[in-house]
Amino acid sequence: MKLKKVQFRAKEIELNTNKKNIVEEPLKRWFGSSKTKIVIDNYKFAERLIKNNKRSFNYKGYSIGYKTFSEIKGNTNEVIKKITCPMMFITGEKDQNSSPLMSKKLAKFHNSKIIIIKNAKHALFLTHFNQFNFYLNQFIKGLEY
């Protein structure tokens, strides 16, 4: 189901490469509609970055890249099971792109560490950076020999 949504977005971007599809919709998915200062500030920052690149932004390239991304099936369960290094999955509770369910399914392969940050979306490393960095540092420290 999720892949179908991504493929639909890819087709929409290909047919209608405009501000709504390239800037507004992705930012809504990544940040949501939270009214907290940190989310609003990071939303505006990301929006400025995209808008500042509009003269040199390659809309056709973005469309082609997104279409390619939408057609990738990903690794099979058999390939993922062969990964031997420790893994940790950090996702936002409200992330529509890399959902908690996806992370839970992946984490089952090796009894990997999974962290779901409450009220966070796709850009949680910006909006919930204290929590994100804390868990990432704990994971890395656990890898030291």
# chains A, B, ... in the order shown; residues from 1 in each chain; ligands from 1
>>> residues_around(residues="stretch 14-28 of chain A", least_positions_apart="3", cutoff="8 Å", atoms="only C-alpha atoms", output="ChimeraX atom specification")
/A:10-11,31-33,43,46-47,50,59-60,63-64,67
>>> select_by_dssp(residues="stretch 5-106 of chain A", states="helix (DSSP H, G or I)", output="PyMOL selection string")
chain A and resi 5-15+19-31+37-52+59-71+77-81+100-106
>>> write_last_selection(atoms="C-alpha atoms", output="mmCIF file, in the first residue's frame")
data_model
loop_
_atom_site.group_PDB
_atom_site.id
_atom_site.type_symbol
_atom_site.label_atom_id
_atom_site.label_comp_id
_atom_site.auth_asym_id
_atom_site.auth_seq_id
_atom_site.Cartn_x
_atom_site.Cartn_y
_atom_site.Cartn_z
ATOM 1 C CA LYS A 5 1.294 5.952 -2.511
ATOM 2 C CA VAL A 6 4.936 6.666 -3.333
ATOM 3 C CA GLN A 7 4.367 5.649 -6.949
ATOM 4 C CA PHE A 8 1.280 7.878 -7.115
ATOM 5 C CA ARG A 9 3.338 10.814 -5.761
ATOM 6 C CA ALA A 10 6.073 10.078 -8.307
ATOM 7 C CA LYS A 11 3.544 10.207 -11.155
ATOM 8 C CA GLU A 12 2.010 13.394 -9.757
ATOM 9 C CA ILE A 13 5.456 15.021 -9.553
ATOM 10 C CA GLU A 14 6.264 13.912 -13.092
ATOM 11 C CA LEU A 15 3.021 15.356 -14.473
ATOM 12 C CA LYS A 19 5.796 24.190 -5.715
ATOM 13 C CA LYS A 20 2.951 22.214 -4.149
ATOM 14 C CA ASN A 21 4.402 18.830 -5.133
ATOM 15 C CA ILE A 22 8.087 19.662 -4.644
ATOM 16 C CA VAL A 23 7.947 21.879 -1.532
ATOM 17 C CA GLU A 24 4.622 22.010 0.293
ATOM 18 C CA GLU A 25 3.521 18.365 0.288
ATOM 19 C CA PRO A 26 6.898 16.867 1.298
ATOM 20 C CA LEU A 27 7.291 19.412 4.106
ATOM 21 C CA LYS A 28 3.843 18.508 5.435
ATOM 22 C CA ARG A 29 4.788 14.809 5.443
ATOM 23 C CA TRP A 30 8.174 15.461 7.053
ATOM 24 C CA PHE A 31 7.111 17.953 9.721
ATOM 25 C CA LYS A 37 8.512 26.331 17.959
ATOM 26 C CA ILE A 38 11.152 23.727 17.058
ATOM 27 C CA VAL A 39 8.950 22.117 14.400
ATOM 28 C CA ILE A 40 7.879 25.475 12.953
ATOM 29 C CA ASP A 41 11.485 26.739 12.886
ATOM 30 C CA ASN A 42 12.793 23.608 11.155
ATOM 31 C CA TYR A 43 9.891 23.594 8.710
ATOM 32 C CA LYS A 44 10.690 27.184 7.750
ATOM 33 C CA PHE A 45 14.414 26.407 7.523
ATOM 34 C CA ALA A 46 13.835 23.454 5.166
ATOM 35 C CA GLU A 47 11.403 25.536 3.132
ATOM 36 C CA ARG A 48 13.985 28.346 2.784
ATOM 37 C CA LEU A 49 16.644 25.853 1.669
ATOM 38 C CA ILE A 50 14.399 24.505 -1.056
ATOM 39 C CA LYS A 51 13.215 27.937 -2.162
ATOM 40 C CA ASN A 52 16.756 29.360 -2.206
ATOM 41 C CA TYR A 59 12.906 19.775 -11.138
ATOM 42 C CA LYS A 60 13.190 17.224 -13.930
ATOM 43 C CA GLY A 61 16.049 15.501 -12.085
ATOM 44 C CA TYR A 62 13.994 15.482 -8.890
ATOM 45 C CA SER A 63 11.080 13.945 -10.772
ATOM 46 C CA ILE A 64 13.296 11.253 -12.317
ATOM 47 C CA GLY A 65 14.932 10.517 -8.958
ATOM 48 C CA TYR A 66 11.588 10.242 -7.175
ATOM 49 C CA LYS A 67 10.237 7.938 -9.885
ATOM 50 C CA THR A 68 13.310 5.716 -9.554
ATOM 51 C CA PHE A 69 12.889 5.673 -5.770
ATOM 52 C CA SER A 70 9.236 4.664 -6.173
ATOM 53 C CA GLU A 71 10.200 1.645 -8.280
ATOM 54 C CA ASN A 77 13.993 -10.697 3.821
ATOM 55 C CA GLU A 78 16.700 -13.227 3.004
ATOM 56 C CA VAL A 79 19.222 -10.459 2.264
ATOM 57 C CA ILE A 80 18.300 -8.520 5.406
ATOM 58 C CA LYS A 81 18.657 -11.670 7.541
ATOM 59 C CA PRO A 100 7.062 2.491 13.177
ATOM 60 C CA LEU A 101 5.526 -0.672 11.685
ATOM 61 C CA MET A 102 8.276 -0.836 9.051
ATOM 62 C CA SER A 103 10.936 -0.416 11.736
ATOM 63 C CA LYS A 104 9.353 -3.064 13.955
ATOM 64 C CA LYS A 105 9.314 -5.552 11.083
ATOM 65 C CA LEU A 106 12.965 -4.868 10.232
#
>>> closest_residue(among="A:Lys73, A:Lys113, A:Lys141, A:His122", to="A:Thr91", atoms="only C-alpha atoms")
A:His122
>>> closest_residue(among="A:Leu3, A:Leu126, A:Met88, A:Ala120", to="A:Lys108", atoms="only C-alpha atoms")
A:Met88
>>> select_by_dssp(residues="chain A", states="strand (DSSP E or B)", output="list of chain:residue names")
A:Met88, A:Phe89, A:Ile90, A:Thr91, A:Gly92, A:Lys113, A:Ile114, A:Ile115, A:Ile116, A:Ile117
>>> write_last_selection(atoms="C-alpha atoms", output="PDB file, in the first residue's frame")
ATOM      1  CA  MET A  88      19.080   0.285  15.518  1.00  0.00           C
ATOM      2  CA  PHE A  89      15.956   1.759  14.008  1.00  0.00           C
ATOM      3  CA  ILE A  90      14.815   5.206  15.132  1.00  0.00           C
ATOM      4  CA  THR A  91      11.518   6.402  13.749  1.00  0.00           C
ATOM      5  CA  GLY A  92       8.882   8.945  14.602  1.00  0.00           C
ATOM      6  CA  LYS A 113      17.183  -2.027  18.887  1.00  0.00           C
ATOM      7  CA  ILE A 114      14.119  -0.009  17.949  1.00  0.00           C
ATOM      8  CA  ILE A 115      13.228   3.453  19.190  1.00  0.00           C
ATOM      9  CA  ILE A 116       9.935   5.149  18.411  1.00  0.00           C
ATOM     10  CA  ILE A 117       9.921   8.818  19.346  1.00  0.00           C
TER      11      ILE A 117
END
>>> closest_residue(among="A:Asn119, A:Ser112, A:Asn75, A:Gln138", to="A:Lys94", atoms="only C-alpha atoms")
A:Asn119
>>> atom_distance(atom1="atom CA of A:Ser34", atom2="atom CA of A:Glu93")
13.4 Å
>>> atom_distance(atom1="atom CA of A:Asp95", atom2="atom CA of A:Lys121")
4.1 Å
>>> decode(residues="chain A", atoms="C-alpha atoms", output="mmCIF file, in the first residue's frame")
data_model
loop_
_atom_site.group_PDB
_atom_site.id
_atom_site.type_symbol
_atom_site.label_atom_id
_atom_site.label_comp_id
_atom_site.auth_asym_id
_atom_site.auth_seq_id
_atom_site.Cartn_x
_atom_site.Cartn_y
_atom_site.Cartn_z
ATOM 1 C CA MET A 1 0.000 0.000 0.000
ATOM 2 C CA LYS A 2 2.761 2.443 0.937
ATOM 3 C CA LEU A 3 4.622 1.728 -2.294
ATOM 4 C CA LYS A 4 1.481 2.563 -4.264
ATOM 5 C CA LYS A 5 1.294 5.952 -2.511
ATOM 6 C CA VAL A 6 4.936 6.666 -3.333
ATOM 7 C CA GLN A 7 4.367 5.649 -6.949
ATOM 8 C CA PHE A 8 1.280 7.878 -7.115
ATOM 9 C CA ARG A 9 3.338 10.814 -5.761
ATOM 10 C CA ALA A 10 6.073 10.078 -8.307
ATOM 11 C CA LYS A 11 3.544 10.207 -11.155
ATOM 12 C CA GLU A 12 2.010 13.394 -9.757
ATOM 13 C CA ILE A 13 5.456 15.021 -9.553
ATOM 14 C CA GLU A 14 6.264 13.912 -13.092
ATOM 15 C CA LEU A 15 3.021 15.356 -14.473
ATOM 16 C CA ASN A 16 2.845 18.443 -12.242
ATOM 17 C CA THR A 17 6.286 19.572 -11.198
ATOM 18 C CA ASN A 18 5.271 22.562 -9.117
ATOM 19 C CA LYS A 19 5.796 24.190 -5.715
ATOM 20 C CA LYS A 20 2.951 22.214 -4.149
ATOM 21 C CA ASN A 21 4.402 18.830 -5.133
ATOM 22 C CA ILE A 22 8.087 19.662 -4.644
ATOM 23 C CA VAL A 23 7.947 21.879 -1.532
ATOM 24 C CA GLU A 24 4.622 22.010 0.293
ATOM 25 C CA GLU A 25 3.521 18.365 0.288
ATOM 26 C CA PRO A 26 6.898 16.867 1.298
ATOM 27 C CA LEU A 27 7.291 19.412 4.106
ATOM 28 C CA LYS A 28 3.843 18.508 5.435
ATOM 29 C CA ARG A 29 4.788 14.809 5.443
ATOM 30 C CA TRP A 30 8.174 15.461 7.053
ATOM 31 C CA PHE A 31 7.111 17.953 9.721
ATOM 32 C CA GLY A 32 3.334 17.744 10.089
ATOM 33 C CA SER A 33 1.255 20.590 11.417
ATOM 34 C CA SER A 34 2.686 20.848 14.904
ATOM 35 C CA LYS A 35 2.637 24.308 16.448
ATOM 36 C CA THR A 36 5.752 23.796 18.551
ATOM 37 C CA LYS A 37 8.512 26.331 17.959
ATOM 38 C CA ILE A 38 11.152 23.727 17.058
ATOM 39 C CA VAL A 39 8.950 22.117 14.400
ATOM 40 C CA ILE A 40 7.879 25.475 12.953
ATOM 41 C CA ASP A 41 11.485 26.739 12.886
ATOM 42 C CA ASN A 42 12.793 23.608 11.155
ATOM 43 C CA TYR A 43 9.891 23.594 8.710
ATOM 44 C CA LYS A 44 10.690 27.184 7.750
ATOM 45 C CA PHE A 45 14.414 26.407 7.523
ATOM 46 C CA ALA A 46 13.835 23.454 5.166
ATOM 47 C CA GLU A 47 11.403 25.536 3.132
ATOM 48 C CA ARG A 48 13.985 28.346 2.784
ATOM 49 C CA LEU A 49 16.644 25.853 1.669
ATOM 50 C CA ILE A 50 14.399 24.505 -1.056
ATOM 51 C CA LYS A 51 13.215 27.937 -2.162
ATOM 52 C CA ASN A 52 16.756 29.360 -2.206
ATOM 53 C CA ASN A 53 17.709 26.621 -4.656
ATOM 54 C CA LYS A 54 14.802 27.296 -7.007
ATOM 55 C CA ARG A 55 16.973 28.993 -9.666
ATOM 56 C CA SER A 56 19.280 26.006 -9.863
ATOM 57 C CA PHE A 57 16.889 23.323 -8.638
ATOM 58 C CA ASN A 58 16.630 20.534 -11.190
ATOM 59 C CA TYR A 59 12.906 19.775 -11.138
ATOM 60 C CA LYS A 60 13.190 17.224 -13.930
ATOM 61 C CA GLY A 61 16.049 15.501 -12.085
ATOM 62 C CA TYR A 62 13.994 15.482 -8.890
ATOM 63 C CA SER A 63 11.080 13.945 -10.772
ATOM 64 C CA ILE A 64 13.296 11.253 -12.317
ATOM 65 C CA GLY A 65 14.932 10.517 -8.958
ATOM 66 C CA TYR A 66 11.588 10.242 -7.175
ATOM 67 C CA LYS A 67 10.237 7.938 -9.885
ATOM 68 C CA THR A 68 13.310 5.716 -9.554
ATOM 69 C CA PHE A 69 12.889 5.673 -5.770
ATOM 70 C CA SER A 70 9.236 4.664 -6.173
ATOM 71 C CA GLU A 71 10.200 1.645 -8.280
ATOM 72 C CA ILE A 72 12.770 0.197 -5.888
ATOM 73 C CA LYS A 73 11.431 -2.933 -4.265
ATOM 74 C CA GLY A 74 14.100 -3.027 -1.567
ATOM 75 C CA ASN A 75 16.053 -5.946 -0.247
ATOM 76 C CA THR A 76 14.415 -9.284 0.337
ATOM 77 C CA ASN A 77 13.993 -10.697 3.821
ATOM 78 C CA GLU A 78 16.700 -13.227 3.004
ATOM 79 C CA VAL A 79 19.222 -10.459 2.264
ATOM 80 C CA ILE A 80 18.300 -8.520 5.406
ATOM 81 C CA LYS A 81 18.657 -11.670 7.541
ATOM 82 C CA LYS A 82 22.285 -11.958 6.396
ATOM 83 C CA ILE A 83 23.261 -8.593 7.911
ATOM 84 C CA THR A 84 25.453 -9.369 10.890
ATOM 85 C CA CYS A 85 26.259 -5.949 12.344
ATOM 86 C CA PRO A 86 24.177 -4.457 15.173
ATOM 87 C CA MET A 87 21.272 -2.364 13.971
ATOM 88 C CA MET A 88 19.080 0.285 15.518
ATOM 89 C CA PHE A 89 15.956 1.759 14.008
ATOM 90 C CA ILE A 90 14.815 5.206 15.132
ATOM 91 C CA THR A 91 11.518 6.402 13.749
ATOM 92 C CA GLY A 92 8.882 8.945 14.602
ATOM 93 C CA GLU A 93 5.569 7.784 15.951
ATOM 94 C CA LYS A 94 3.804 9.761 13.206
ATOM 95 C CA ASP A 95 6.277 9.113 10.379
ATOM 96 C CA GLN A 96 4.433 8.216 7.186
ATOM 97 C CA ASN A 97 7.629 7.601 5.191
ATOM 98 C CA SER A 98 9.533 5.232 7.488
ATOM 99 C CA SER A 99 6.746 4.121 9.749
ATOM 100 C CA PRO A 100 7.062 2.491 13.177
ATOM 101 C CA LEU A 101 5.526 -0.672 11.685
ATOM 102 C CA MET A 102 8.276 -0.836 9.051
ATOM 103 C CA SER A 103 10.936 -0.416 11.736
ATOM 104 C CA LYS A 104 9.353 -3.064 13.955
ATOM 105 C CA LYS A 105 9.314 -5.552 11.083
ATOM 106 C CA LEU A 106 12.965 -4.868 10.232
ATOM 107 C CA ALA A 107 14.050 -5.002 13.863
ATOM 108 C CA LYS A 108 12.662 -8.532 14.264
ATOM 109 C CA PHE A 109 15.344 -9.977 11.986
ATOM 110 C CA HIS A 110 18.159 -9.631 14.515
ATOM 111 C CA ASN A 111 16.386 -8.558 17.648
ATOM 112 C CA SER A 112 17.690 -5.102 16.766
ATOM 113 C CA LYS A 113 17.183 -2.027 18.887
ATOM 114 C CA ILE A 114 14.119 -0.009 17.949
ATOM 115 C CA ILE A 115 13.228 3.453 19.190
ATOM 116 C CA ILE A 116 9.935 5.149 18.411
ATOM 117 C CA ILE A 117 9.921 8.818 19.346
ATOM 118 C CA LYS A 118 6.501 10.090 20.377
ATOM 119 C CA ASN A 119 4.865 12.853 18.329
ATOM 120 C CA ALA A 120 7.750 12.872 15.829
ATOM 121 C CA LYS A 121 7.510 12.673 12.061
ATOM 122 C CA HIS A 122 10.063 12.032 9.304
ATOM 123 C CA ALA A 123 12.407 14.907 10.182
ATOM 124 C CA LEU A 124 12.756 13.825 13.818
ATOM 125 C CA PHE A 125 16.533 14.303 13.755
ATOM 126 C CA LEU A 126 15.735 18.039 13.436
ATOM 127 C CA THR A 127 12.568 18.362 15.492
ATOM 128 C CA HIS A 128 13.460 15.919 18.284
ATOM 129 C CA PHE A 129 17.240 16.150 18.065
ATOM 130 C CA ASN A 130 17.857 15.773 21.817
ATOM 131 C CA GLN A 131 16.086 12.434 21.926
ATOM 132 C CA PHE A 132 17.496 11.320 18.581
ATOM 133 C CA ASN A 133 21.079 12.159 19.587
ATOM 134 C CA PHE A 134 20.664 10.566 23.019
ATOM 135 C CA TYR A 135 19.537 7.221 21.574
ATOM 136 C CA LEU A 136 22.107 7.325 18.791
ATOM 137 C CA ASN A 137 24.917 8.018 21.279
ATOM 138 C CA GLN A 138 23.721 5.210 23.550
ATOM 139 C CA PHE A 139 23.706 2.810 20.627
ATOM 140 C CA ILE A 140 27.195 3.843 19.508
ATOM 141 C CA LYS A 141 28.575 3.574 23.048
ATOM 142 C CA GLY A 142 27.147 0.063 23.215
ATOM 143 C CA LEU A 143 29.228 -0.856 20.159
ATOM 144 C CA GLU A 144 32.542 0.082 21.742
ATOM 145 C CA TYR A 145 34.774 -2.815 22.687
#
